[in-house]
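Content type compact mmCIF, C-alpha atoms and all ligand atoms, from the file data-v1.txt:
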```
# COMPACT_ATOMS: atom_id res chain seq x y z
CA MET A 1 0.00 0.00 0.00
CA THR A 2 1.57 3.29 -1.11
CA VAL A 3 1.39 6.22 1.32
CA LEU A 4 2.08 9.70 -0.06
CA VAL A 5 3.34 12.28 2.46
CA ALA A 6 2.94 15.77 1.04
CA GLY A 7 5.41 18.14 2.68
CA SER A 8 7.87 15.35 3.50
CA GLY A 9 10.75 17.80 3.73
CA GLY A 10 9.28 19.76 6.62
CA LEU A 11 9.13 19.42 10.40
CA VAL A 12 5.86 17.46 10.33
CA GLY A 13 6.23 15.63 7.01
CA SER A 14 9.69 14.26 7.81
CA ALA A 15 8.42 13.00 11.19
CA VAL A 16 5.42 11.33 9.54
CA VAL A 17 7.75 9.55 7.08
CA ARG A 18 9.81 8.28 10.05
CA ALA A 19 6.70 7.13 11.94
CA LEU A 20 5.26 5.31 8.92
CA GLY A 21 8.55 3.46 8.44
CA ALA A 22 8.64 2.53 12.12
CA ALA A 23 5.04 1.26 11.85
CA GLY A 24 6.03 -1.09 9.01
CA PHE A 25 4.83 0.90 5.98
CA SER A 26 7.40 -0.02 3.35
CA ASP A 27 6.06 2.00 0.41
CA VAL A 28 6.15 5.65 1.55
CA VAL A 29 6.56 8.34 -1.11
CA GLY A 30 7.56 11.85 -0.11
CA ALA A 31 6.59 15.03 -1.93
CA ARG A 32 8.90 17.91 -1.09
CA SER A 33 8.15 21.36 -2.49
CA ALA A 34 11.36 21.08 -4.53
CA GLN A 35 9.89 18.03 -6.29
CA VAL A 36 6.34 19.23 -6.84
CA ASP A 37 4.83 22.68 -6.28
CA LEU A 38 1.39 21.79 -4.96
CA ARG A 39 0.28 25.38 -5.56
CA ASP A 40 0.10 24.31 -9.24
CA ALA A 41 -3.06 22.26 -9.81
CA ASP A 42 -1.74 20.41 -12.88
CA ALA A 43 1.53 19.53 -11.16
CA ALA A 44 -0.34 18.27 -8.11
CA ARG A 45 -2.69 16.11 -10.16
CA GLU A 46 0.14 14.67 -12.29
CA PHE A 47 2.20 13.81 -9.18
CA VAL A 48 -0.62 12.16 -7.23
CA THR A 49 -1.90 10.24 -10.26
CA ALA A 50 1.61 9.00 -11.05
CA THR A 51 2.18 7.99 -7.41
CA ALA A 52 -1.26 6.29 -7.19
CA PRO A 53 -1.27 6.19 -3.38
CA ALA A 54 -3.88 4.44 -1.24
CA VAL A 55 -3.28 7.00 1.50
CA VAL A 56 -2.27 10.69 1.48
CA VAL A 57 -1.05 12.63 4.52
CA ASP A 58 -1.19 16.38 3.87
CA ALA A 59 1.68 17.92 5.84
CA ALA A 60 2.44 20.47 3.11
CA ALA A 61 1.81 24.10 4.01
CA ARG A 62 3.16 27.61 4.08
CA VAL A 63 3.97 27.78 7.80
CA GLY A 64 5.57 30.19 10.23
CA GLY A 65 5.39 31.81 13.62
CA ILE A 66 3.54 34.87 14.79
CA ALA A 67 5.79 37.39 12.98
CA ALA A 68 5.66 35.62 9.59
CA ASN A 69 1.89 35.13 9.81
CA ASN A 70 1.35 38.74 10.83
CA ALA A 71 3.58 40.12 8.06
CA ARG A 72 2.51 37.96 5.11
CA PRO A 73 -1.21 37.07 5.34
CA VAL A 74 -1.65 36.88 1.55
CA GLU A 75 0.89 34.05 1.19
CA PHE A 76 -0.41 32.26 4.29
CA LEU A 77 -3.96 32.44 2.91
CA HIS A 78 -3.51 31.83 -0.80
CA ASP A 79 -0.57 29.39 -0.80
CA ASN A 80 -2.31 27.18 1.74
CA LEU A 81 -5.70 27.37 0.00
CA ARG A 82 -4.06 26.34 -3.28
CA ILE A 83 -1.97 23.55 -1.74
CA GLN A 84 -4.92 22.00 0.06
CA ALA A 85 -7.50 22.34 -2.70
CA ASN A 86 -5.09 20.99 -5.32
CA LEU A 87 -4.07 18.04 -3.16
CA LEU A 88 -7.64 17.08 -2.21
CA ASP A 89 -8.84 17.42 -5.81
CA ALA A 90 -5.87 15.38 -7.04
CA ALA A 91 -6.50 12.71 -4.38
CA HIS A 92 -10.14 12.46 -5.48
CA ALA A 93 -9.17 12.23 -9.15
CA ALA A 94 -6.74 9.42 -8.24
CA ASP A 95 -9.41 7.70 -6.14
CA VAL A 96 -7.34 7.87 -2.92
CA SER A 97 -9.28 6.07 -0.20
CA ARG A 98 -7.75 7.68 2.91
CA VAL A 99 -6.58 11.30 3.30
CA LEU A 100 -5.40 12.85 6.56
CA PHE A 101 -5.46 16.65 6.41
CA LEU A 102 -3.40 18.49 9.04
CA GLY A 103 -4.61 21.86 10.31
CA SER A 104 -3.56 23.82 13.38
CA SER A 105 -4.83 24.87 16.80
CA CYS A 106 -4.91 28.48 15.56
CA ILE A 107 -8.21 27.69 13.76
CA TYR A 108 -10.06 28.18 17.04
CA PRO A 109 -11.46 31.51 18.33
CA LYS A 110 -9.01 33.82 20.12
CA PHE A 111 -11.02 33.64 23.32
CA ALA A 112 -12.29 30.07 23.06
CA GLU A 113 -12.97 28.39 26.39
CA GLN A 114 -9.77 26.59 27.49
CA PRO A 115 -8.93 23.76 27.06
CA ILE A 116 -10.26 24.20 23.51
CA ARG A 117 -12.80 21.62 22.36
CA GLU A 118 -13.23 20.76 18.68
CA ASP A 119 -16.83 22.03 18.73
CA SER A 120 -15.67 25.59 19.55
CA LEU A 121 -14.67 26.00 15.87
CA LEU A 122 -16.29 29.08 14.24
CA THR A 123 -17.92 30.22 17.49
CA GLY A 124 -15.97 33.47 17.77
CA PRO A 125 -13.48 35.87 16.19
CA LEU A 126 -9.99 34.61 15.29
CA GLU A 127 -6.62 35.84 16.56
CA ALA A 128 -5.64 38.65 14.14
CA THR A 129 -1.93 37.72 13.91
CA ASN A 130 -2.79 34.43 12.17
CA ASP A 131 -6.39 34.75 10.91
CA ALA A 132 -5.36 34.29 7.26
CA TYR A 133 -3.65 30.97 8.00
CA ALA A 134 -6.55 29.94 10.23
CA ILE A 135 -9.14 30.64 7.52
CA ALA A 136 -7.09 28.61 5.05
CA LYS A 137 -6.91 25.67 7.45
CA ILE A 138 -10.64 25.93 8.22
CA ALA A 139 -11.23 25.77 4.46
CA GLY A 140 -9.14 22.59 4.39
CA ILE A 141 -11.37 21.02 7.04
CA MET A 142 -14.40 22.03 4.94
CA GLY A 143 -12.72 20.47 1.89
CA VAL A 144 -12.37 17.13 3.68
CA GLN A 145 -15.96 17.32 4.96
CA SER A 146 -17.25 18.23 1.49
CA TYR A 147 -15.53 15.25 -0.12
CA ARG A 148 -16.98 13.01 2.58
CA ARG A 149 -20.48 14.38 1.99
CA GLU A 150 -20.48 14.55 -1.81
CA TYR A 151 -18.30 11.53 -2.68
CA ASP A 152 -18.45 9.44 0.50
CA ARG A 153 -14.66 9.73 0.98
CA ARG A 154 -13.25 8.32 4.25
CA TRP A 155 -11.03 11.36 4.69
CA ILE A 156 -10.20 12.95 8.06
CA SER A 157 -8.73 16.13 9.63
CA ALA A 158 -6.47 16.49 12.65
CA MET A 159 -5.65 19.74 14.48
CA PRO A 160 -2.19 19.68 16.10
CA THR A 161 -1.16 22.16 18.78
CA ASN A 162 2.16 24.09 18.58
CA LEU A 163 4.78 21.63 17.37
CA TYR A 164 8.56 21.41 17.72
CA GLY A 165 11.38 18.96 17.15
CA PRO A 166 14.07 17.85 14.68
CA GLY A 167 13.83 19.51 11.27
CA ASP A 168 12.29 22.68 12.69
CA ASN A 169 12.83 26.15 11.21
CA PHE A 170 15.32 28.18 13.28
CA ASP A 171 15.16 31.40 11.26
CA LEU A 172 14.64 34.10 13.89
CA GLU A 173 11.98 36.07 12.01
CA SER A 174 9.83 33.29 10.54
CA SER A 175 10.10 30.52 13.15
CA HIS A 176 7.86 29.55 16.03
CA VAL A 177 8.77 30.43 19.59
CA LEU A 178 10.45 27.23 20.78
CA PRO A 179 13.08 26.91 18.02
CA ALA A 180 13.61 30.68 18.07
CA LEU A 181 14.41 30.58 21.79
CA ILE A 182 16.73 27.58 21.39
CA ARG A 183 18.72 29.56 18.83
CA LYS A 184 18.64 32.84 20.79
CA PHE A 185 19.74 31.29 24.08
CA HIS A 186 22.38 29.10 22.42
CA GLU A 187 23.94 32.00 20.53
CA ALA A 188 23.89 34.20 23.65
CA HIS A 189 25.49 31.42 25.67
CA VAL A 190 28.23 30.88 23.10
CA ALA A 191 28.85 34.63 22.71
CA GLY A 192 28.76 35.25 26.46
CA ASP A 193 25.95 37.81 26.07
CA ALA A 194 24.43 39.20 29.25
CA THR A 195 20.83 39.19 28.03
CA VAL A 196 18.39 37.42 25.69
CA THR A 197 15.36 39.23 24.28
CA VAL A 198 12.05 37.37 24.28
CA TRP A 199 9.10 38.79 22.32
CA GLY A 200 5.92 40.03 23.99
CA THR A 201 5.15 40.05 27.70
CA GLY A 202 6.01 36.41 28.46
CA THR A 203 2.50 35.90 29.84
CA PRO A 204 0.79 34.06 26.91
CA ARG A 205 0.36 30.34 27.48
CA ARG A 206 1.18 27.72 24.86
CA GLU A 207 1.02 23.94 24.58
CA PHE A 208 3.95 22.18 22.91
CA LEU A 209 3.80 18.73 21.33
CA HIS A 210 6.93 17.00 20.03
CA VAL A 211 6.57 16.30 16.33
CA ASP A 212 7.34 12.58 16.77
CA ASP A 213 4.30 12.35 19.06
CA LEU A 214 2.21 14.08 16.38
CA ALA A 215 3.52 11.70 13.73
CA ALA A 216 2.62 8.68 15.88
CA ALA A 217 -0.84 10.19 16.34
CA CYS A 218 -1.21 10.53 12.54
CA VAL A 219 -0.46 6.82 12.02
CA HIS A 220 -2.88 5.98 14.84
CA LEU A 221 -5.69 8.18 13.44
CA LEU A 222 -5.36 6.68 9.95
CA GLU A 223 -6.19 3.35 11.56
CA ALA A 224 -8.56 4.42 14.34
CA TYR A 225 -10.51 7.51 13.24
CA ASP A 226 -13.16 8.05 10.56
CA ASP A 227 -15.39 10.95 11.52
CA PRO A 228 -16.06 14.23 9.63
CA ALA A 229 -15.18 16.39 12.66
CA PRO A 230 -11.59 17.56 13.14
CA ILE A 231 -9.78 15.92 16.06
CA ASN A 232 -7.33 17.74 18.35
CA VAL A 233 -3.80 16.39 18.88
CA GLY A 234 -1.89 17.78 21.84
CA THR A 235 -0.67 17.23 25.38
CA GLY A 236 -3.47 19.10 27.16
CA GLU A 237 -0.83 20.95 29.22
CA ASP A 238 0.50 24.48 28.71
CA VAL A 239 3.22 26.79 30.03
CA THR A 240 3.75 30.54 29.90
CA ILE A 241 6.27 31.87 27.40
CA ALA A 242 8.30 33.05 30.42
CA GLU A 243 8.35 29.51 31.82
CA LEU A 244 9.39 28.19 28.40
CA ALA A 245 12.18 30.77 28.18
CA SER A 246 13.50 29.73 31.60
CA LEU A 247 13.39 26.06 30.56
CA VAL A 248 15.28 26.80 27.33
CA ALA A 249 17.87 28.88 29.26
CA ALA A 250 18.42 25.99 31.68
CA THR A 251 18.63 23.46 28.82
CA VAL A 252 21.23 25.55 26.98
CA GLY A 253 23.11 26.60 30.12
CA PHE A 254 22.48 30.34 29.76
CA SER A 255 22.52 32.15 33.12
CA GLY A 256 22.12 35.77 31.99
CA GLU A 257 19.06 38.02 32.06
CA ILE A 258 15.87 37.53 30.05
CA VAL A 259 14.36 40.79 28.79
CA TYR A 260 10.95 41.21 27.12
CA ASP A 261 10.35 43.23 23.94
CA THR A 262 6.73 44.28 24.37
CA SER A 263 6.76 45.99 20.97
CA ARG A 264 6.31 42.46 19.62
CA PRO A 265 2.77 40.93 19.71
CA ASP A 266 1.69 38.35 22.27
CA GLY A 267 -0.89 36.82 19.92
CA THR A 268 -3.66 34.78 21.46
CA PRO A 269 -3.46 34.79 25.28
CA ARG A 270 -3.86 31.03 25.64
CA LYS A 271 -4.05 28.05 23.27
CA VAL A 272 -4.29 24.65 25.01
CA LEU A 273 -6.32 21.86 23.43
CA ASP A 274 -8.90 19.59 24.96
CA VAL A 275 -7.42 16.18 24.04
CA SER A 276 -10.12 14.00 25.57
CA LYS A 277 -11.45 12.96 22.14
CA ILE A 278 -8.14 11.53 20.86
CA ALA A 279 -7.48 10.04 24.30
CA SER A 280 -10.75 8.13 23.94
CA THR A 281 -9.37 6.54 20.75
CA GLY A 282 -6.44 5.16 22.78
CA TRP A 283 -3.65 7.64 21.91
CA LYS A 284 -1.59 9.76 24.27
CA PRO A 285 1.68 11.65 23.91
CA ARG A 286 4.93 10.16 25.24
CA ILE A 287 7.52 12.96 25.01
CA GLY A 288 7.49 15.51 27.84
CA LEU A 289 8.55 19.12 27.22
CA ALA A 290 11.86 19.00 29.15
CA GLU A 291 12.87 15.74 27.41
CA GLY A 292 11.73 16.95 24.00
CA LEU A 293 13.48 20.28 24.42
CA ALA A 294 16.76 18.59 25.37
CA SER A 295 16.68 16.25 22.36
CA THR A 296 15.71 19.10 20.01
CA TYR A 297 18.61 21.19 21.31
CA ARG A 298 20.97 18.28 20.62
CA TRP A 299 19.53 18.04 17.08
CA TYR A 300 20.05 21.81 16.66
CA LEU A 301 23.69 21.52 17.77
CA ASP A 302 24.34 18.61 15.41
CA ASN A 303 22.50 20.00 12.38
CA VAL A 304 22.10 23.76 12.50
CA ALA A 305 24.32 25.62 14.99
CA GLY A 306 27.39 27.13 13.40
CA GLU A 307 26.02 26.68 9.87
CA GLY A 308 24.51 30.15 9.79
CA ALA A 309 22.06 28.73 12.33
CA GLY A 310 19.28 28.19 9.86
CA ALA A 311 20.07 31.37 7.97
CA GLU A 312 19.92 29.31 4.77
CA GLN A 313 16.36 28.29 5.65
CA MET A 314 13.97 30.46 3.68
CA SER A 315 11.36 32.07 5.85
CA GLY A 316 8.12 30.10 5.91
CA VAL A 317 9.21 28.00 2.95
CA VAL A 318 6.69 25.45 1.63
CA LYS A 319 8.11 22.03 2.41
O1 LIG A 401 5.14 30.29 18.33
P1 LIG A 401 4.65 31.64 17.94
O2 LIG A 401 5.42 32.38 16.91
O3 LIG A 401 3.16 31.53 17.40
O4 LIG A 401 4.56 32.59 19.26
P2 LIG A 401 1.71 31.43 18.05
C1 LIG A 401 4.09 32.10 20.47
C2 LIG A 401 4.32 33.16 21.53
O5 LIG A 401 5.74 33.22 21.79
C3 LIG A 401 3.90 34.59 21.14
C4 LIG A 401 6.14 34.58 21.83
O6 LIG A 401 3.32 35.19 22.26
C5 LIG A 401 5.23 35.25 20.80
O7 LIG A 401 5.22 36.66 21.02
N1 LIG A 401 7.58 34.69 21.52
C6 LIG A 401 8.53 35.13 22.38
C7 LIG A 401 8.17 34.41 20.35
N2 LIG A 401 9.73 35.18 21.79
C8 LIG A 401 9.53 34.73 20.51
C9 LIG A 401 10.42 34.55 19.41
O8 LIG A 401 11.64 34.84 19.46
N3 LIG A 401 9.88 34.06 18.27
C10 LIG A 401 8.54 33.75 18.16
N4 LIG A 401 8.07 33.23 17.00
N5 LIG A 401 7.65 33.92 19.20
C11 LIG A 401 1.26 30.37 15.71
C12 LIG A 401 0.57 30.78 14.43
O9 LIG A 401 0.85 31.29 16.72
O10 LIG A 401 0.86 29.07 16.13
C13 LIG A 401 0.82 29.75 13.35
O11 LIG A 401 1.05 32.06 14.02
C14 LIG A 401 0.52 28.36 13.85
O12 LIG A 401 0.02 30.04 12.25
C15 LIG A 401 1.19 28.08 15.15
O13 LIG A 401 -0.86 28.23 14.01
C16 LIG A 401 0.79 26.72 15.68
O14 LIG A 401 1.60 30.21 18.86
O15 LIG A 401 1.34 32.74 18.67
```
For the structure just supplied, provide its representation as structure tokens.
Amino acid sequence: MTVLVAGSGGLVGSAVVRALGAAGFSDVVGARSAQVDLRDADAAREFVTATAPAVVVDAAARVGGIAANNARPVEFLHDNLRIQANLLDAAHAADVSRVLFLGSSCIYPKFAEQPIREDSLLTGPLEATNDAYAIAKIAGIMGVQSYRREYDRRWISAMPTNLYGPGDNFDLESSHVLPALIRKFHEAHVAGDATVTVWGTGTPRREFLHVDDLAAACVHLLEAYDDPAPINVGTGEDVTIAELASLVAATVGFSGEIVYDTSRPDGTPRKVLDVSKIASTGWKPRIGLAEGLASTYRWYLDNVAGEGAGAEQMSGVVK
């Protein structure tokens, strides 16, 4: 059975490829943006038809942290709408029986009741710093639900929380908070700097799931889930950005001062998922934040530090 992983070059896609291999899937085909630009409908259809997969995991997206989302809403809206629509249409044309679409916890209302349940979707206004990306991902959920309704496709959607791990983007402007802090604290430690600047007030709360846990959840959901509603994937636990910064400082060995740049946005005040639904299917995360942070820092040292520290990574590049 061929499994196609769209976005196999990225943080999520590369983890999903690893997890599928570990689960015994021997015929896994990757689709990196360098191989096929899924924003091109013809290219997407040709690639999926030629691959003829039984299963597609959509981990391809224009992604980035709060600064990239806030600065480039057109790309985050239109690139992701094109990628998703083209991939779903191509999967239907190739008669793909199982599709797993990956969204994000930012699809939920800015002030959704916490922990956020799946049924809070579209019950309130979105967080402005990433509303374009959120609308695109909500459209992807609707795409899966529309193919289920009109063509009886057994396709599903999962909504991961903030992710981190090996293969992350460490570019300081376009990355998410955890890899950005790893790089900032590491470089300050190496340079002997007295301070590290953290964006915002440090008070927002975020939930962090290691990408290998997400990938294991994807394999599990392909076998255990077949419902039109999106399903949350997270740890159900959150920390403040200040607590995260202290944990990164301790992990790196930085003992200087942490200062806060409140000219930078905080974004949504809290974003922790209700994970009772996926727990009821028998899945739970295994990698705690301290353990995951330590292994991600080791990966950063082995693969990124000293090589321009991710400078060669294009900001928010489609994987
Ligand atoms: O991870 P992050 O960029 O995105 O920011 P969101 C999380 C919080 O960390 C914000 C703070 O309050 C940031 O102000 N922060 C502190 C930093 N220092 C830094 C830093 O150096 N870099 C970054 N990036 N943040 C994203 C959405 O929202 O969540 C994406 O924009 C996606 O579209 C992702 O949905 C899951 O968690 O605020």
Pairwise distance for atom CA of A:Leu209 and atom CA of A:Pro160, rounded to one decimal in Å: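 Pair atom CA of A:Leu209 / atom CA of A:Pro160 returns 8.0 Å.
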Counting all atoms listed in the file, which residues in chain A sit no more than 6 Å from ligand LIG 401 (chain A)? For each one, give the nearest pair of atoms and the distance in Å, sorted by chain then residue number, as CSV.
```
residue,atom,partner,partner_atom,distance
A:Gly64,CA,A:LIG401,C13,5.7
A:Gly65,CA,A:LIG401,O2,3.3
A:Ile66,CA,A:LIG401,O2,3.8
A:Asn69,CA,A:LIG401,O11,5.3
A:Ser104,CA,A:LIG401,O13,5.2
A:Ser105,CA,A:LIG401,O13,5.9
A:Cys106,CA,A:LIG401,O13,4.3
A:Asn130,CA,A:LIG401,O11,4.9
A:Tyr133,CA,A:LIG401,O12,5.7
A:Thr161,CA,A:LIG401,C16,5.8
A:Asn162,CA,A:LIG401,C16,4.1
A:Ser175,CA,A:LIG401,N4,5.1
A:His176,CA,A:LIG401,O1,3.6
A:Val177,CA,A:LIG401,C10,3.6
A:Ala180,CA,A:LIG401,O8,4.8
A:Leu181,CA,A:LIG401,O8,5.6
A:Val198,CA,A:LIG401,N2,4.0
A:Trp199,CA,A:LIG401,N2,3.7
A:Gly200,CA,A:LIG401,O7,4.5
A:Pro204,CA,A:LIG401,O6,5.4
A:Ile241,CA,A:LIG401,O5,5.8
A:Pro265,CA,A:LIG401,O7,5.1
A:Asp266,CA,A:LIG401,O6,3.6
A:Gly267,CA,A:LIG401,O15,4.8
```
Would you mind exporting the chosen residues as a CSV table (one decimal), keeping the file's coordinate frame, restricted to C-alpha atoms?
```csv
chain,number,residue,atom,x,y,z
A,64,GLY,CA,5.6,30.2,10.2
A,65,GLY,CA,5.4,31.8,13.6
A,66,ILE,CA,3.5,34.9,14.8
A,69,ASN,CA,1.9,35.1,9.8
A,104,SER,CA,-3.6,23.8,13.4
A,105,SER,CA,-4.8,24.9,16.8
A,106,CYS,CA,-4.9,28.5,15.6
A,130,ASN,CA,-2.8,34.4,12.2
A,133,TYR,CA,-3.6,31.0,8.0
A,161,THR,CA,-1.2,22.2,18.8
A,162,ASN,CA,2.2,24.1,18.6
A,175,SER,CA,10.1,30.5,13.2
A,176,HIS,CA,7.9,29.6,16.0
A,177,VAL,CA,8.8,30.4,19.6
A,180,ALA,CA,13.6,30.7,18.1
A,181,LEU,CA,14.4,30.6,21.8
A,198,VAL,CA,12.0,37.4,24.3
A,199,TRP,CA,9.1,38.8,22.3
A,200,GLY,CA,5.9,40.0,24.0
A,204,PRO,CA,0.8,34.1,26.9
A,241,ILE,CA,6.3,31.9,27.4
A,265,PRO,CA,2.8,40.9,19.7
A,266,ASP,CA,1.7,38.4,22.3
A,267,GLY,CA,-0.9,36.8,19.9
```
Pick from A:Gly292, A:Gly103, A:Gly282, A:Gly192 nearest to A:Leu178, counting all atoms listed in the file: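 Comparing A:Gly292, A:Gly103, A:Gly282, A:Gly192 against A:Leu178, the winner is A:Gly292.
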Given only C-alpha atoms as the counted atoms, nearest of A:Glu257, A:Asp193, A:Glu207, A:Asp226 to A:Lys271: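 So, comparing all the options, the nearest one is A:Glu207.
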Non-local contacts of A:Glu243 (12 Å; only C-alpha atoms; under 2 positions in same chain excluded) as a PyMOL selection string: chain A and resi 178+181+198+201-207+238-241+245-250+258+289-290
Top pick for closest residue to A:Val3, considering A:Ala217, A:Asp37, A:Phe185, A:Leu222 and counting all atoms listed in the file: A:Leu222
Best match for closeness to A:Val96 among A:Gly7, A:Pro269, A:Pro53, A:Gly236, counting all atoms listed in the file: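 Distance minimum relative to A:Val96 lands on A:Pro53.
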Select from stretch 221-301 of chain A every residue with an atom at most 8 Å from any atom of stretch 118-123 of chain A, then for each give the shortest pair of atoms and their distance in Å to one decimal, using all atoms listed in the file, rows by chain and rising number, as CSV.
```
residue,atom,partner,partner_atom,distance
A:Ala229,CA,A:Glu118,CA,7.7
A:Pro230,CA,A:Glu118,CA,6.6
A:Ile231,CA,A:Glu118,CA,6.5
A:Asn232,CA,A:Glu118,CA,6.6
A:Asp274,CA,A:Glu118,CA,7.7
```
How would stretch 25-32 of chain A look with all heavy atoms restored, written as a short mmCIF file (atom, residue, chain, number, x, y, z; two decimals), keeping the file's coordinate frame?
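Final file, rebuild.cif:
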```cif
data_model
loop_
_atom_site.label_atom_id
_atom_site.label_comp_id
_atom_site.auth_asym_id
_atom_site.auth_seq_id
_atom_site.Cartn_x
_atom_site.Cartn_y
_atom_site.Cartn_z
N PHE A 25 5.23 0.53 7.35
CA PHE A 25 4.83 0.90 5.98
C PHE A 25 6.09 0.93 5.11
O PHE A 25 6.99 1.75 5.35
CB PHE A 25 4.13 2.25 5.98
CG PHE A 25 2.76 2.23 6.62
CD1 PHE A 25 2.61 2.34 7.99
CD2 PHE A 25 1.62 2.08 5.84
CE1 PHE A 25 1.36 2.31 8.58
CE2 PHE A 25 0.35 2.05 6.42
CZ PHE A 25 0.23 2.16 7.80
N SER A 26 6.15 0.08 4.13
CA SER A 26 7.40 -0.02 3.35
C SER A 26 7.35 0.82 2.06
O SER A 26 8.37 1.08 1.45
CB SER A 26 7.63 -1.49 2.97
OG SER A 26 6.49 -1.96 2.26
N ASP A 27 6.17 1.25 1.68
CA ASP A 27 6.06 2.00 0.41
C ASP A 27 5.56 3.41 0.72
O ASP A 27 4.38 3.73 0.59
CB ASP A 27 5.10 1.27 -0.54
CG ASP A 27 5.06 1.96 -1.91
OD1 ASP A 27 5.83 2.93 -2.09
OD2 ASP A 27 4.26 1.55 -2.76
N VAL A 28 6.50 4.27 1.18
CA VAL A 28 6.15 5.65 1.55
C VAL A 28 6.82 6.59 0.55
O VAL A 28 8.04 6.56 0.36
CB VAL A 28 6.63 5.98 2.98
CG1 VAL A 28 6.30 7.43 3.33
CG2 VAL A 28 5.98 5.02 3.99
N VAL A 29 6.03 7.40 -0.11
CA VAL A 29 6.56 8.34 -1.11
C VAL A 29 6.45 9.76 -0.56
O VAL A 29 5.39 10.17 -0.08
CB VAL A 29 5.75 8.25 -2.42
CG1 VAL A 29 6.23 9.31 -3.43
CG2 VAL A 29 5.85 6.85 -3.01
N GLY A 30 7.56 10.47 -0.60
CA GLY A 30 7.56 11.85 -0.11
C GLY A 30 7.29 12.81 -1.26
O GLY A 30 7.52 12.49 -2.43
N ALA A 31 6.78 13.97 -0.92
CA ALA A 31 6.59 15.03 -1.93
C ALA A 31 7.08 16.33 -1.30
O ALA A 31 6.36 16.99 -0.54
CB ALA A 31 5.13 15.15 -2.31
N ARG A 32 8.35 16.66 -1.59
CA ARG A 32 8.90 17.91 -1.09
C ARG A 32 8.54 19.03 -2.09
O ARG A 32 8.32 18.77 -3.27
CB ARG A 32 10.42 17.82 -0.99
CG ARG A 32 10.94 16.68 -0.14
CD ARG A 32 12.45 16.55 -0.33
NE ARG A 32 13.12 17.72 0.26
CZ ARG A 32 13.70 17.71 1.46
NH1 ARG A 32 13.71 16.60 2.18
NH2 ARG A 32 14.27 18.79 1.95
#
```
